[in-house]
>>> print(open('upload.pdb').read())   # PDB, C-alpha atoms
ATOM      1  CA  MET H   1     -62.738 135.599  15.364
ATOM      2  CA  SER H   2     -66.043 134.058  14.299
ATOM      3  CA  ALA H   3     -69.334 134.665  16.099
ATOM      4  CA  PHE H   4     -69.278 130.986  17.064
ATOM      5  CA  GLU H   5     -65.916 131.328  18.805
ATOM      6  CA  LYS H   6     -67.263 134.288  20.802
ATOM      7  CA  VAL H   7     -70.190 132.346  22.278
ATOM      8  CA  THR H   8     -70.186 132.510  26.067
ATOM      9  CA  LEU H   9     -69.603 129.068  27.532
ATOM     10  CA  PRO H  10     -71.966 127.701  30.173
ATOM     11  CA  SER H  11     -70.904 127.105  33.733
ATOM     12  CA  LEU H  12     -72.054 123.695  34.881
ATOM     13  CA  GLU H  13     -70.029 121.777  37.442
ATOM     14  CA  SER H  14     -70.334 118.385  35.758
ATOM     15  CA  LEU H  15     -69.752 119.583  32.201
ATOM     16  CA  THR H  16     -66.727 120.909  30.326
ATOM     17  CA  VAL H  17     -67.380 122.799  27.107
ATOM     18  CA  GLU H  18     -64.674 123.867  24.663
ATOM     19  CA  ILE H  19     -65.021 125.650  21.363
ATOM     20  CA  THR H  20     -61.965 124.401  19.557
ATOM     21  CA  GLY H  21     -62.328 126.239  16.261
ATOM     22  CA  PRO H  22     -64.835 128.038  14.070
ATOM     23  CA  THR H  23     -66.889 124.872  13.528
ATOM     24  CA  THR H  24     -66.205 122.544  16.457
ATOM     25  CA  VAL H  25     -67.520 122.302  19.994
ATOM     26  CA  VAL H  26     -66.467 119.582  22.441
ATOM     27  CA  LEU H  27     -68.656 118.487  25.364
ATOM     28  CA  LYS H  28     -67.236 116.322  28.155
ATOM     29  CA  GLY H  29     -68.636 115.081  31.445
ATOM     30  CA  THR H  30     -72.270 114.553  32.374
ATOM     31  CA  ILE H  31     -75.532 116.484  32.144
ATOM     32  CA  THR H  32     -77.948 115.378  34.830
ATOM     33  CA  CYS H  33     -79.215 118.675  36.209
ATOM     34  CA  LYS H  34     -82.912 119.069  36.893
ATOM     35  CA  ASP H  35     -83.512 121.619  34.161
ATOM     36  CA  PRO H  36     -80.974 121.424  31.328
ATOM     37  CA  ALA H  37     -83.182 123.714  29.233
ATOM     38  CA  ALA H  38     -82.614 126.497  31.761
ATOM     39  CA  ASP H  39     -78.944 125.720  32.401
ATOM     40  CA  LEU H  40     -77.801 124.984  28.846
ATOM     41  CA  GLY H  41     -80.643 126.042  26.534
ATOM     42  CA  PRO H  42     -79.382 129.641  26.142
ATOM     43  CA  PHE H  43     -75.897 128.339  25.257
ATOM     44  CA  VAL H  44     -77.253 125.935  22.643
ATOM     45  CA  ARG H  45     -79.419 128.702  21.206
ATOM     46  CA  ALA H  46     -76.416 131.055  21.116
ATOM     47  CA  MET H  47     -74.384 128.442  19.212
ATOM     48  CA  HIS H  48     -77.241 128.026  16.740
ATOM     49  CA  GLU H  49     -77.489 131.766  16.119
ATOM     50  CA  ALA H  50     -73.710 132.146  15.838
ATOM     51  CA  VAL H  51     -73.465 129.376  13.249
ATOM     52  CA  ILE H  52     -76.154 131.101  11.203
ATOM     53  CA  ALA H  53     -74.342 134.441  11.530
ATOM     54  CA  ASP H  54     -71.068 132.826  10.427
ATOM     55  CA  ARG H  55     -72.796 131.132   7.450
ATOM     56  CA  VAL H  56     -71.164 127.849   8.351
ATOM     57  CA  GLY H  57     -72.337 124.770   6.450
ATOM     58  CA  GLU H  58     -71.589 122.181   9.122
ATOM     59  CA  LEU H  59     -70.905 122.216  12.849
ATOM     60  CA  ARG H  60     -69.056 119.355  14.506
ATOM     61  CA  VAL H  61     -70.293 118.540  17.999
ATOM     62  CA  ASP H  62     -67.935 116.141  19.741
ATOM     63  CA  VAL H  63     -69.949 114.366  22.433
ATOM     64  CA  SER H  64     -67.665 111.332  22.681
ATOM     65  CA  GLY H  65     -66.546 112.480  26.127
ATOM     66  CA  LEU H  66     -70.105 113.002  27.349
ATOM     67  CA  SER H  67     -70.422 109.900  29.473
ATOM     68  CA  PHE H  68     -73.991 110.344  30.648
ATOM     69  CA  VAL H  69     -76.967 112.657  30.150
ATOM     70  CA  ASN H  70     -80.549 112.538  31.333
ATOM     71  CA  SER H  71     -83.518 112.565  28.980
ATOM     72  CA  SER H  72     -84.100 116.282  29.561
ATOM     73  CA  ALA H  73     -80.633 116.901  28.141
ATOM     74  CA  ILE H  74     -81.420 114.712  25.134
ATOM     75  CA  ARG H  75     -84.398 117.014  24.660
ATOM     76  CA  LEU H  76     -81.936 119.886  24.085
ATOM     77  CA  PHE H  77     -80.452 118.057  21.089
ATOM     78  CA  ILE H  78     -83.968 117.437  19.755
ATOM     79  CA  ASP H  79     -84.798 121.130  20.104
ATOM     80  CA  TRP H  80     -81.557 122.102  18.356
ATOM     81  CA  THR H  81     -82.479 119.798  15.473
ATOM     82  CA  SER H  82     -85.945 121.344  15.296
ATOM     83  CA  TRP H  83     -84.495 124.864  15.097
ATOM     84  CA  ILE H  84     -82.342 123.853  12.143
ATOM     85  CA  LYS H  85     -85.227 122.118  10.400
ATOM     86  CA  ALA H  86     -87.321 125.267  10.838
ATOM     87  CA  MET H  87     -84.698 127.496   9.207
ATOM     88  CA  PRO H  88     -85.838 129.128   6.001
ATOM     89  CA  GLY H  89     -83.441 128.715   3.111
ATOM     90  CA  LYS H  90     -80.094 126.994   3.419
ATOM     91  CA  ARG H  91     -79.654 125.024   6.628
ATOM     92  CA  TYR H  92     -76.447 124.039   8.310
ATOM     93  CA  LYS H  93     -75.747 120.476   9.371
ATOM     94  CA  LEU H  94     -74.794 119.031  12.753
ATOM     95  CA  GLN H  95     -72.192 116.299  12.812
ATOM     96  CA  PHE H  96     -72.099 114.477  16.137
ATOM     97  CA  ALA H  97     -68.862 112.686  16.975
ATOM     98  CA  THR H  98     -69.751 109.765  19.270
ATOM     99  CA  THR H  99     -68.144 106.707  20.792
ATOM    100  CA  ARG H 100     -69.497 103.187  20.520
ATOM    101  CA  ARG H 101     -68.295 102.546  24.081
ATOM    102  CA  VAL H 102     -71.141 104.609  25.530
ATOM    103  CA  THR H 103     -74.522 102.938  25.132
ATOM    104  CA  TRP H 104     -76.742 106.003  25.233
ATOM    105  CA  GLN H 105     -74.730 107.720  22.497
ATOM    106  CA  LYS H 106     -75.210 104.845  20.065
ATOM    107  CA  THR H 107     -78.963 104.754  20.514
ATOM    108  CA  SER H 108     -79.958 108.353  21.137
ATOM    109  CA  PHE H 109     -77.943 109.944  18.335
ATOM    110  CA  LEU H 110     -79.199 107.373  15.858
ATOM    111  CA  ALA H 111     -82.738 108.193  16.996
ATOM    112  CA  LEU H 112     -81.948 111.868  16.507
ATOM    113  CA  GLN H 113     -80.603 111.170  13.052
ATOM    114  CA  SER H 114     -83.768 109.298  12.124
ATOM    115  CA  LEU H 115     -85.706 112.401  13.117
ATOM    116  CA  ALA H 116     -83.784 114.622  10.705
ATOM    117  CA  ALA H 117     -81.334 112.748   8.507
ATOM    118  CA  GLU H 118     -81.047 115.771   6.236
ATOM    119  CA  VAL H 119     -79.398 117.880   8.950
ATOM    120  CA  ILE H 120     -77.877 115.326  11.349
ATOM    121  CA  SER H 121     -74.961 113.005  10.785
ATOM    122  CA  VAL H 122     -73.383 110.710  13.348
ATOM    123  CA  GLU H 123     -69.759 109.656  13.283
ATOM    124  CA  GLN H 124     -68.154 107.082  15.573
ATOM    125  CA  VAL H 125     -64.682 108.198  16.552
ATOM    126  CA  ASP H 126     -63.656 104.902  18.157
TER     127      ASP H 126
ATOM    128  CA  MET L 127     -83.182  93.383  58.147
ATOM    129  CA  GLN L 128     -79.956  91.488  58.646
ATOM    130  CA  LEU L 129     -77.851  91.550  55.507
ATOM    131  CA  LYS L 130     -75.625  88.636  54.568
ATOM    132  CA  PRO L 131     -72.241  89.460  53.070
ATOM    133  CA  LEU L 132     -72.440  89.704  49.275
ATOM    134  CA  ALA L 133     -71.038  86.737  47.427
ATOM    135  CA  THR L 134     -69.154  87.156  44.174
ATOM    136  CA  GLU L 135     -71.929  85.244  42.451
ATOM    137  CA  PRO L 136     -75.407  86.616  43.157
ATOM    138  CA  ASP L 137     -77.621  84.188  45.018
ATOM    139  CA  PRO L 138     -81.316  84.536  44.072
ATOM    140  CA  ALA L 139     -82.326  83.136  47.450
ATOM    141  CA  GLN L 140     -80.583  86.016  49.144
ATOM    142  CA  GLY L 141     -83.337  88.539  48.324
ATOM    143  CA  PRO L 142     -82.544  92.061  47.196
ATOM    144  CA  LEU L 143     -78.934  92.693  46.269
ATOM    145  CA  VAL L 144     -79.439  96.373  46.898
ATOM    146  CA  LEU L 145     -82.100  98.016  49.013
ATOM    147  CA  MET L 146     -81.912 101.751  49.607
ATOM    148  CA  ARG L 147     -84.403 104.141  51.186
ATOM    149  CA  PHE L 148     -83.947 107.871  51.014
ATOM    150  CA  ARG L 149     -85.690 111.202  50.920
ATOM    151  CA  PRO L 150     -86.874 112.211  47.406
ATOM    152  CA  ALA L 151     -84.129 114.747  46.749
ATOM    153  CA  TRP L 152     -82.569 115.498  43.366
ATOM    154  CA  ALA L 153     -79.170 115.852  44.993
ATOM    155  CA  TYR L 154     -79.000 112.116  45.707
ATOM    156  CA  ILE L 155     -79.628 110.896  42.161
ATOM    157  CA  ASP L 156     -76.094 111.289  40.750
ATOM    158  CA  GLY L 157     -74.541 109.401  43.637
ATOM    159  CA  ILE L 158     -77.065 106.582  43.567
ATOM    160  CA  ARG L 159     -76.788 106.222  39.777
ATOM    161  CA  GLU L 160     -73.009 105.982  39.971
ATOM    162  CA  PHE L 161     -73.243 103.499  42.817
ATOM    163  CA  GLY L 162     -75.585 101.421  40.615
ATOM    164  CA  ARG L 163     -73.050 101.546  37.775
ATOM    165  CA  PHE L 164     -70.234 100.471  40.091
ATOM    166  CA  PHE L 165     -72.324  97.779  41.746
ATOM    167  CA  CYS L 166     -73.441  96.196  38.467
ATOM    168  CA  LYS L 167     -69.939  96.344  36.977
ATOM    169  CA  GLN L 168     -68.385  94.775  40.057
ATOM    170  CA  THR L 169     -71.076  92.172  40.674
ATOM    171  CA  PHE L 170     -71.846  91.043  37.132
ATOM    172  CA  GLY L 171     -68.670  92.102  35.362
ATOM    173  CA  THR L 172     -70.254  93.620  32.283
ATOM    174  CA  GLU L 173     -69.939  97.221  31.173
ATOM    175  CA  ASP L 174     -73.109  96.902  29.113
ATOM    176  CA  LEU L 175     -75.223  96.052  32.152
ATOM    177  CA  ALA L 176     -73.531  98.806  34.168
ATOM    178  CA  GLN L 177     -74.476 101.388  31.538
ATOM    179  CA  ARG L 178     -78.035 100.068  31.226
ATOM    180  CA  ALA L 179     -78.331 100.288  35.007
ATOM    181  CA  THR L 180     -77.340 103.970  35.000
ATOM    182  CA  ILE L 181     -80.092 104.803  32.523
ATOM    183  CA  VAL L 182     -82.749 102.853  34.417
ATOM    184  CA  ILE L 183     -81.746 104.274  37.804
ATOM    185  CA  GLN L 184     -81.382 107.891  36.626
ATOM    186  CA  GLU L 185     -84.691 108.071  34.806
ATOM    187  CA  THR L 186     -86.784 106.147  37.357
ATOM    188  CA  LEU L 187     -85.399 108.211  40.230
ATOM    189  CA  GLU L 188     -85.868 111.493  38.352
ATOM    190  CA  ASN L 189     -89.538 110.648  37.794
ATOM    191  CA  ALA L 190     -89.969 109.556  41.397
ATOM    192  CA  VAL L 191     -88.386 112.735  42.748
ATOM    193  CA  LYS L 192     -90.283 115.044  40.377
ATOM    194  CA  TYR L 193     -93.701 113.642  41.219
ATOM    195  CA  SER L 194     -93.318 112.774  44.910
ATOM    196  CA  THR L 195     -95.608 114.417  47.401
ATOM    197  CA  GLN L 196     -94.168 116.442  50.261
ATOM    198  CA  SER L 197     -95.410 113.932  52.824
ATOM    199  CA  PRO L 198     -93.233 112.620  55.652
ATOM    200  CA  HIS L 199     -94.000 109.162  54.193
ATOM    201  CA  SER L 200     -92.765 110.002  50.707
ATOM    202  CA  GLU L 201     -89.335 108.453  50.973
ATOM    203  CA  LEU L 202     -88.183 106.492  47.945
ATOM    204  CA  GLU L 203     -87.066 102.891  47.869
ATOM    205  CA  LEU L 204     -84.704 101.484  45.241
ATOM    206  CA  LYS L 205     -84.363  97.746  45.016
ATOM    207  CA  ILE L 206     -82.063  95.766  42.729
ATOM    208  CA  GLN L 207     -82.430  92.011  42.651
ATOM    209  CA  VAL L 208     -81.718  89.032  40.464
ATOM    210  CA  GLN L 209     -84.287  86.433  39.434
ATOM    211  CA  GLY L 210     -82.619  83.644  37.506
ATOM    212  CA  GLU L 211     -81.199  85.184  34.326
ATOM    213  CA  HIS L 212     -82.916  88.505  34.895
ATOM    214  CA  ILE L 213     -82.105  91.644  36.825
ATOM    215  CA  GLU L 214     -84.878  93.706  38.324
ATOM    216  CA  PHE L 215     -84.711  97.367  39.291
ATOM    217  CA  SER L 216     -87.678  98.784  41.135
ATOM    218  CA  VAL L 217     -88.435 102.169  42.631
ATOM    219  CA  SER L 218     -91.265 102.740  45.080
ATOM    220  CA  SER L 219     -92.575 106.255  45.686
ATOM    221  CA  LEU L 220     -95.563 108.204  46.950
ATOM    222  CA  PRO L 221     -96.639 110.420  44.052
ATOM    223  CA  ASP L 222     -99.386 112.929  43.591
ATOM    224  CA  PRO L 223    -102.475 110.764  42.775
ATOM    225  CA  ALA L 224    -103.006 112.655  39.499
ATOM    226  CA  HIS L 225     -99.622 111.429  38.310
ATOM    227  CA  ILE L 226    -100.560 107.762  38.638
ATOM    228  CA  GLU L 227    -103.183 107.982  35.896
ATOM    229  CA  THR L 228    -100.752 109.803  33.599
ATOM    230  CA  LEU L 229     -98.103 107.191  34.251
ATOM    231  CA  ARG L 230    -100.500 104.327  33.576
ATOM    232  CA  ASP L 231    -101.564 105.889  30.255
ATOM    233  CA  GLU L 232     -97.946 106.495  29.291
ATOM    234  CA  LEU L 233     -97.069 102.853  29.903
ATOM    235  CA  VAL L 234    -100.048 101.607  27.887
ATOM    236  CA  GLY L 235     -98.917 103.804  24.997
ATOM    237  CA  LEU L 236     -95.353 102.565  25.293
ATOM    238  CA  HIS L 237     -96.324  98.923  25.275
ATOM    239  CA  SER L 238     -98.288  99.356  22.053
ATOM    240  CA  LEU L 239     -94.953  99.746  20.224
ATOM    241  CA  ASP L 240     -91.679  97.877  20.293
ATOM    242  CA  PRO L 241     -88.999  99.615  22.385
ATOM    243  CA  GLU L 242     -87.137 101.212  19.477
ATOM    244  CA  GLN L 243     -90.321 102.430  17.782
ATOM    245  CA  ALA L 244     -91.586 103.831  21.078
ATOM    246  CA  TYR L 245     -88.319 105.727  21.621
ATOM    247  CA  LEU L 246     -88.418 107.155  18.109
ATOM    248  CA  ALA L 247     -92.077 108.110  18.616
ATOM    249  CA  ALA L 248     -91.087 109.934  21.812
ATOM    250  CA  PHE L 249     -88.470 111.894  19.827
ATOM    251  CA  VAL L 250     -91.069 112.835  17.223
ATOM    252  CA  ARG L 251     -93.504 113.895  19.936
ATOM    253  CA  ALA L 252     -90.865 115.988  21.721
ATOM    254  CA  SER L 253     -89.898 117.603  18.441
ATOM    255  CA  SER L 254     -93.474 118.517  17.618
ATOM    256  CA  GLN L 255     -94.223 119.864  21.107
ATOM    257  CA  PRO L 256     -91.295 122.174  21.883
ATOM    258  CA  ASP L 257     -93.008 123.796  24.858
ATOM    259  CA  ALA L 258     -94.194 120.588  26.515
ATOM    260  CA  THR L 259     -92.195 118.430  28.898
ATOM    261  CA  ALA L 260     -89.941 115.937  27.145
ATOM    262  CA  ARG L 261     -91.609 112.668  28.288
ATOM    263  CA  LEU L 262     -88.693 110.732  26.871
ATOM    264  CA  GLY L 263     -87.725 109.033  30.116
ATOM    265  CA  LEU L 264     -89.880 105.898  30.168
ATOM    266  CA  ALA L 265     -89.304 105.155  26.487
ATOM    267  CA  ARG L 266     -85.593 105.642  27.060
ATOM    268  CA  ILE L 267     -85.529 103.288  30.036
ATOM    269  CA  ARG L 268     -87.222 100.592  27.993
ATOM    270  CA  TYR L 269     -85.085 100.964  24.861
ATOM    271  CA  GLU L 270     -81.656 101.967  26.134
ATOM    272  CA  GLY L 271     -82.017 100.043  29.389
ATOM    273  CA  ASN L 272     -83.266  97.006  27.448
ATOM    274  CA  VAL L 273     -85.899  96.283  30.087
ATOM    275  CA  GLU L 274     -89.638  95.849  30.300
ATOM    276  CA  LEU L 275     -91.526  98.218  32.571
ATOM    277  CA  SER L 276     -94.506  97.643  34.818
ATOM    278  CA  LEU L 277     -96.419  99.662  37.363
ATOM    279  CA  ALA L 278     -97.927  98.338  40.593
ATOM    280  CA  GLU L 279    -100.014 100.275  43.065
ATOM    281  CA  GLU L 280     -99.179  99.579  46.690
ATOM    282  CA  ALA L 281    -100.759 100.338  50.050
ATOM    283  CA  GLY L 282    -100.994 103.933  51.200
ATOM    284  CA  GLY L 283    -101.052 105.428  47.724
ATOM    285  CA  ARG L 284     -97.534 104.285  46.925
ATOM    286  CA  ILE L 285     -96.537 103.000  43.482
ATOM    287  CA  ARG L 286     -93.714 100.791  42.329
ATOM    288  CA  ILE L 287     -92.147 101.026  38.877
ATOM    289  CA  THR L 288     -90.308  97.837  37.999
ATOM    290  CA  ALA L 289     -87.829  97.384  35.166
ATOM    291  CA  VAL L 290     -86.811  93.821  34.298
ATOM    292  CA  GLY L 291     -84.149  92.858  31.792
ATOM    293  CA  LYS L 292     -81.680  90.145  30.980
ATOM    294  CA  LEU L 293     -78.471  90.016  32.938
TER     295      LEU L 293
END
>>> encode(input="upload.pdb", output="structure tokens")
Amino acid sequence: MSAFEKVTLPSLESLTVEITGPTTVVLKGTITCKDPAADLGPFVRAMHEAVIADRVGELRVDVSGLSFVNSSAIRLFIDWTSWIKAMPGKRYKLQFATTRRVTWQKTSFLALQSLAAEVISVEQVD
Amino acid sequence: MQLKPLATEPDPAQGPLVLMRFRPAWAYIDGIREFGRFFCKQTFGTEDLAQRATIVIQETLENAVKYSTQSPHSELELKIQVQGEHIEFSVSSLPDPAHIETLRDELVGLHSLDPEQAYLAAFVRASSQPDATARLGLARIRYEGNVELSLAEEAGGRIRITAVGKL
């Protein structure tokens, strides 16, 4: 089993997280807690470190079932991007799977991509 | 205030379509946001407006709750109304006075850029200041909510943030 598949999943009432393989994580639900950095930051950091340990070239993050997040949660994705950009040597890429049916996904992930096109790609799954 | 029954078609002469007053508690935000989504979908029949409403309501209420004073007079007021072809969301709160100046400066900065540029600039700022607070909320409201924002100071140290966009 890869380091990524051993990452401890967070416990947040409104959010379901599944690691569905060595390079895929699926997020469903909402993130509107007061401090997502405290509630989910350690999980995101653990995924980042596991991907590095596994020497994976690309991680797929399926957010198409994430119906709503607050701006503090968007900040988590920005931080994740910054960690990758700060990596010395070969970086891995994040591929976000989104849906065009959810407004915030269309706009926020494109904004994220414009911040770091070299490490972020955005796919629309429907 | 005596409320008339809601018509299927909003009547601008009716006054606020929604008027809610509540204690500034984080626990209420999810419920009020989802009510706003439901209300806009049912009243105006568009999913796009319903989703824009959730962003505007979530972010304005989060700011209002975060910066409210602990006064007995610090209850929040959310108002949704229609003016012609426009929908208006406004939130009144009683913040710490120091926050008003910060908010005013933030809005001046936002209005110096178009909504998309301002949102991208907020991403760049957040990325370059990993230990600072995100400060994405107002730029997000304006861009993803597709609204223009204004700030008015009211009696008793209260403020009202108003977001106006097309129906």
>>> interface_residues(input="upload.pdb", of="chain H", to="chain L", cutoff="9 Å", atoms="all atoms listed in the file", output="JSON, numbers by chain")
{"H": [32, 33, 34, 68, 69, 70, 71, 72, 74, 75, 78, 79, 81, 82, 101, 102, 103, 104, 107, 108, 111, 112, 114, 115]}
>>> closest_residue(input="upload.pdb", among="H:Gln113, H:Thr8, H:Gln105, H:Thr99", to="Phe43 (chain H)", atoms="only C-alpha atoms")
H:Thr8
>>> resolve_selection(input="upload.pdb", expression="the PyMOL selection byres ((chain L and resi 207-222) around 7)", output="PyMOL selection string")
chain L and resi 138+141-144+186+190+193-195+200-206+223-225+283-293
>>> atom_distance(input="upload.pdb", atom1="CA of Leu239 (chain L)", atom2="CA of Arg159 (chain L)")
27.5 Å
>>> atom_distance(input="upload.pdb", atom1="CA of Val122 (chain H)", atom2="CA of Ala97 (chain H)")
6.1 Å
>>> axis_aligned_box(input="upload.pdb", around="region 46-63 of chain H", padding_each_side="3 Å", output="JSON")
{"center_x": -72.7, "center_y": 124.4, "center_z": 14.4, "size_x": 15.6, "size_y": 26.1, "size_z": 22.0}
>>> atom_distance(input="upload.pdb", atom1="CA of Gly41 (chain H)", atom2="CA of Val7 (chain H)")
12.9 Å
>>> resolve_selection(input="upload.pdb", expression="the PyMOL selection byres ((chain H and resi 66) around 7)", output="list of chain:residue names")
H:Leu27, H:Lys28, H:Gly29, H:Thr30, H:Val63, H:Ser64, H:Gly65, H:Ser67, H:Phe68
>>> resolve_selection(input="upload.pdb", expression="the PyMOL selection byres ((chain L and resi 233) around 9)", output="PDB file with C-alpha atoms, keeping the file's coordinate frame")
ATOM      1  CA  THR L 228    -100.752 109.803  33.599  1.00  0.00           C
ATOM      2  CA  LEU L 229     -98.103 107.191  34.251  1.00  0.00           C
ATOM      3  CA  ARG L 230    -100.500 104.327  33.576  1.00  0.00           C
ATOM      4  CA  ASP L 231    -101.564 105.889  30.255  1.00  0.00           C
ATOM      5  CA  GLU L 232     -97.946 106.495  29.291  1.00  0.00           C
ATOM      6  CA  VAL L 234    -100.048 101.607  27.887  1.00  0.00           C
ATOM      7  CA  GLY L 235     -98.917 103.804  24.997  1.00  0.00           C
ATOM      8  CA  LEU L 236     -95.353 102.565  25.293  1.00  0.00           C
ATOM      9  CA  HIS L 237     -96.324  98.923  25.275  1.00  0.00           C
ATOM     10  CA  SER L 238     -98.288  99.356  22.053  1.00  0.00           C
ATOM     11  CA  LEU L 264     -89.880 105.898  30.168  1.00  0.00           C
ATOM     12  CA  ALA L 265     -89.304 105.155  26.487  1.00  0.00           C
ATOM     13  CA  LEU L 275     -91.526  98.218  32.571  1.00  0.00           C
ATOM     14  CA  SER L 276     -94.506  97.643  34.818  1.00  0.00           C
ATOM     15  CA  LEU L 277     -96.419  99.662  37.363  1.00  0.00           C
TER      16      LEU L 277
END
>>> residues_near_point(input="upload.pdb", point="(-76.7, 127.6, 33.4)", cutoff="12 Å", atoms="all atoms listed in the file", output="list in words")
Thr8, Leu9, Pro10, Ser11, Leu12, Glu13, Ser14, Leu15, Ile31, Cys33, Lys34, Asp35, Pro36, Ala37, Ala38, Asp39, Leu40, Gly41, Pro42, Phe43 and Val44 of chain H
>>> closest_residue(input="upload.pdb", among="L:Asp240, L:Gly162, L:Arg149, L:Glu227", to="Gln196 (chain L)", atoms="only C-alpha atoms")
L:Arg149
